[in-house]
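Heads up: the structure comes next, in structure tokens.
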Amino acid sequence: MDRDGTIRNLAALRLAIGAASWATPRVAGKLFGLDAAANPQSPYLARLFGVRDIALAWGTLGSEGETQRQWLIAGLACDVADTLAGIAGGRGGYLPKLSSVLVSGTALSAALLGASALREG
């Protein structure tokens, strides 16, 4: 896949997850095995995460050159942090193991796409 295709795929992933997390935070959480009923504040946190992913996609798609590179680096930093947070949640016992795998795997996939786009650029 070429760099532009990698960036489009990354942005599509961010937009889909971000929009779902913002518009339907409880449903999006359930897809990742999270229990929104057990934590009534979780929709608020999902919306914070969702709008961040939308902003990262928008910034990356709406820029080029060095500015786009900076958006990709910011996204990569978020994705690595999200991966580590998912692993920590699984190890700490406050995320079910399946949820830990799902959120960490999704974040790691985004990190790999971002790293690939940076390497290709």
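For the structure tokens, the naming scheme is as follows: chains receive sequential letters (A, B, ...) according to their order of presentation, residues are indexed from 1 within each chain, and ligands are indexed from 1 in presentation order.
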Near Val27 of chain A, counting only C-alpha atoms, which residues have an atom at most 9 Å away, once you skip same-chain residues fewer than 6 positions from it, shown as a PDB file with N, CA, C and O atoms, in the first residue's frame?
ATOM      1  N   ALA A  20     -18.241   6.709  16.305  1.00  0.00           N
ATOM      2  CA  ALA A  20     -19.028   5.754  17.098  1.00  0.00           C
ATOM      3  C   ALA A  20     -18.903   6.049  18.589  1.00  0.00           C
ATOM      4  O   ALA A  20     -19.893   5.995  19.325  1.00  0.00           O
ATOM      5  N   SER A  21     -17.700   6.372  19.030  1.00  0.00           N
ATOM      6  CA  SER A  21     -17.483   6.662  20.459  1.00  0.00           C
ATOM      7  C   SER A  21     -18.211   7.933  20.872  1.00  0.00           C
ATOM      8  O   SER A  21     -18.689   8.044  22.002  1.00  0.00           O
ATOM      9  N   ALA A  36     -20.629  -0.175  30.249  1.00  0.00           N
ATOM     10  CA  ALA A  36     -20.998   1.212  30.538  1.00  0.00           C
ATOM     11  C   ALA A  36     -21.971   1.297  31.707  1.00  0.00           C
ATOM     12  O   ALA A  36     -21.962   2.274  32.454  1.00  0.00           O
TER      13      ALA A  36
END
Name all residues at most 9 Å from Gly59 of chain A (count only C-alpha atoms; drop same-chain ones fewer than 5 positions away) and give them as an mmCIF file with N, CA, C and O atoms, in the first residue's frame.
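File produced: around_32.cif:
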data_model
loop_
_atom_site.group_PDB
_atom_site.id
_atom_site.type_symbol
_atom_site.label_atom_id
_atom_site.label_comp_id
_atom_site.auth_asym_id
_atom_site.auth_seq_id
_atom_site.Cartn_x
_atom_site.Cartn_y
_atom_site.Cartn_z
ATOM 1 N N ILE A 54 -11.322 11.853 16.062
ATOM 2 C CA ILE A 54 -11.842 12.624 14.927
ATOM 3 C C ILE A 54 -10.884 13.775 14.600
ATOM 4 O O ILE A 54 -10.563 14.010 13.428
ATOM 5 N N THR A 67 3.559 19.550 8.303
ATOM 6 C CA THR A 67 2.398 19.641 9.192
ATOM 7 C C THR A 67 1.704 18.287 9.298
ATOM 8 O O THR A 67 1.343 17.851 10.399
ATOM 9 N N GLN A 68 1.553 17.594 8.183
ATOM 10 C CA GLN A 68 0.949 16.264 8.217
ATOM 11 C C GLN A 68 1.821 15.303 9.027
ATOM 12 O O GLN A 68 1.315 14.486 9.792
ATOM 13 N N TRP A 71 1.064 15.784 12.627
ATOM 14 C CA TRP A 71 -0.204 15.148 12.986
ATOM 15 C C TRP A 71 -0.023 13.639 13.140
ATOM 16 O O TRP A 71 -0.578 13.031 14.059
ATOM 17 N N LEU A 72 0.752 13.044 12.222
ATOM 18 C CA LEU A 72 0.997 11.606 12.310
ATOM 19 C C LEU A 72 1.771 11.252 13.579
ATOM 20 O O LEU A 72 1.476 10.245 14.232
#
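Considering only C-alpha atoms, the residue among A:Ala81, A:Leu34, A:Leu76, A:Ala28 positioned nearest to Ala110 of chain A is A:Leu76.
For the set A:Leu84, A:Ala115, A:Gly50, A:Ala12, the residue with the smallest atom-to-atom gap to Val101 of chain A is A:Leu84, counting only C-alpha atoms.
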Which residues are near Arg3 of chain A? Cut-off 10 Å, only C-alpha atoms, ignore same chain within fewer than 6 positions. Put them as a VMD selection string. chain A and resid 9 113 to 114 116 to 121
At a cut-off of 9 Å, using only C-alpha atoms, what residues contact Pro43 of chain A? Leave out same-chain residues fewer than 5 positions from it and give the result as a PDB file with all heavy atoms, in the first residue's frame.
ATOM      1  N   SER A  21     -17.700   6.372  19.030  1.00  0.00           N
ATOM      2  CA  SER A  21     -17.483   6.662  20.459  1.00  0.00           C
ATOM      3  C   SER A  21     -18.211   7.933  20.872  1.00  0.00           C
ATOM      4  O   SER A  21     -18.689   8.044  22.002  1.00  0.00           O
ATOM      5  CB  SER A  21     -15.985   6.800  20.748  1.00  0.00           C
ATOM      6  OG  SER A  21     -15.346   5.563  20.536  1.00  0.00           O
ATOM      7  N   TRP A  22     -18.299   8.905  19.982  1.00  0.00           N
ATOM      8  CA  TRP A  22     -18.984  10.153  20.297  1.00  0.00           C
ATOM      9  C   TRP A  22     -20.507   9.972  20.229  1.00  0.00           C
ATOM     10  O   TRP A  22     -21.224  10.346  21.155  1.00  0.00           O
ATOM     11  CB  TRP A  22     -18.559  11.284  19.355  1.00  0.00           C
ATOM     12  CG  TRP A  22     -19.361  12.510  19.598  1.00  0.00           C
ATOM     13  CD1 TRP A  22     -20.420  12.949  18.873  1.00  0.00           C
ATOM     14  CD2 TRP A  22     -19.238  13.422  20.687  1.00  0.00           C
ATOM     15  NE1 TRP A  22     -20.953  14.089  19.431  1.00  0.00           N
ATOM     16  CE2 TRP A  22     -20.242  14.397  20.533  1.00  0.00           C
ATOM     17  CE3 TRP A  22     -18.375  13.510  21.768  1.00  0.00           C
ATOM     18  CZ2 TRP A  22     -20.398  15.443  21.436  1.00  0.00           C
ATOM     19  CZ3 TRP A  22     -18.529  14.554  22.663  1.00  0.00           C
ATOM     20  CH2 TRP A  22     -19.529  15.508  22.493  1.00  0.00           C
ATOM     21  N   THR A  24     -22.485   7.131  19.901  1.00  0.00           N
ATOM     22  CA  THR A  24     -23.100   6.016  20.631  1.00  0.00           C
ATOM     23  C   THR A  24     -22.075   5.420  21.589  1.00  0.00           C
ATOM     24  O   THR A  24     -21.621   4.284  21.403  1.00  0.00           O
ATOM     25  CB  THR A  24     -23.608   4.933  19.650  1.00  0.00           C
ATOM     26  OG1 THR A  24     -22.505   4.480  18.861  1.00  0.00           O
ATOM     27  CG2 THR A  24     -24.703   5.454  18.739  1.00  0.00           C
ATOM     28  N   PRO A  25     -21.709   6.156  22.620  1.00  0.00           N
ATOM     29  CA  PRO A  25     -20.617   5.701  23.485  1.00  0.00           C
ATOM     30  C   PRO A  25     -20.875   4.373  24.186  1.00  0.00           C
ATOM     31  O   PRO A  25     -19.951   3.587  24.364  1.00  0.00           O
ATOM     32  CB  PRO A  25     -20.447   6.841  24.491  1.00  0.00           C
ATOM     33  CG  PRO A  25     -21.741   7.583  24.466  1.00  0.00           C
ATOM     34  CD  PRO A  25     -22.275   7.428  23.073  1.00  0.00           C
ATOM     35  N   ARG A  26     -22.116   4.110  24.574  1.00  0.00           N
ATOM     36  CA  ARG A  26     -22.398   2.831  25.245  1.00  0.00           C
ATOM     37  C   ARG A  26     -22.275   1.654  24.269  1.00  0.00           C
ATOM     38  O   ARG A  26     -21.722   0.620  24.609  1.00  0.00           O
ATOM     39  CB  ARG A  26     -23.768   2.869  25.893  1.00  0.00           C
ATOM     40  CG  ARG A  26     -23.811   3.723  27.146  1.00  0.00           C
ATOM     41  CD  ARG A  26     -25.204   3.716  27.785  1.00  0.00           C
ATOM     42  NE  ARG A  26     -25.193   4.451  29.022  1.00  0.00           N
ATOM     43  CZ  ARG A  26     -25.351   5.768  29.116  1.00  0.00           C
ATOM     44  NH1 ARG A  26     -25.542   6.498  28.035  1.00  0.00           N
ATOM     45  NH2 ARG A  26     -25.317   6.373  30.288  1.00  0.00           N
ATOM     46  N   GLY A  29     -18.620   1.132  23.430  1.00  0.00           N
ATOM     47  CA  GLY A  29     -17.967   0.474  24.560  1.00  0.00           C
ATOM     48  C   GLY A  29     -18.258  -1.014  24.591  1.00  0.00           C
ATOM     49  O   GLY A  29     -17.366  -1.826  24.832  1.00  0.00           O
ATOM     50  N   ALA A  36     -20.629  -0.175  30.249  1.00  0.00           N
ATOM     51  CA  ALA A  36     -20.998   1.212  30.538  1.00  0.00           C
ATOM     52  C   ALA A  36     -21.971   1.297  31.707  1.00  0.00           C
ATOM     53  O   ALA A  36     -21.962   2.274  32.454  1.00  0.00           O
ATOM     54  CB  ALA A  36     -21.605   1.872  29.311  1.00  0.00           C
ATOM     55  N   LEU A  48     -14.756  11.954  24.996  1.00  0.00           N
ATOM     56  CA  LEU A  48     -13.456  12.632  24.983  1.00  0.00           C
ATOM     57  C   LEU A  48     -12.498  11.913  24.035  1.00  0.00           C
ATOM     58  O   LEU A  48     -11.799  12.536  23.230  1.00  0.00           O
ATOM     59  CB  LEU A  48     -12.845  12.676  26.389  1.00  0.00           C
ATOM     60  CG  LEU A  48     -13.522  13.527  27.438  1.00  0.00           C
ATOM     61  CD1 LEU A  48     -12.787  13.397  28.767  1.00  0.00           C
ATOM     62  CD2 LEU A  48     -13.583  14.971  27.006  1.00  0.00           C
TER      63      LEU A  48
END
Need to verify the contact set: Gly33 of chain A, 6 Å, only C-alpha atoms, exclusion of same-chain residues closer than 2 positions in sequence. Can you return it as a ChimeraX atom specification? /A:30-31,99
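Distance annotation: of A:Leu45, A:Leu108, A:Leu15, A:Leu102, the residue with the minimal separation from Asp79 of chain A is A:Leu108; atom set is only C-alpha atoms.
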Any chance you could list, as a VMD selection string, the residues in chain A that come up alpha helix (DSSP H) when DSSP is run on the backbone? chain A and resid 3 to 23 25 to 31 42 to 61 65 to 92 97 to 120
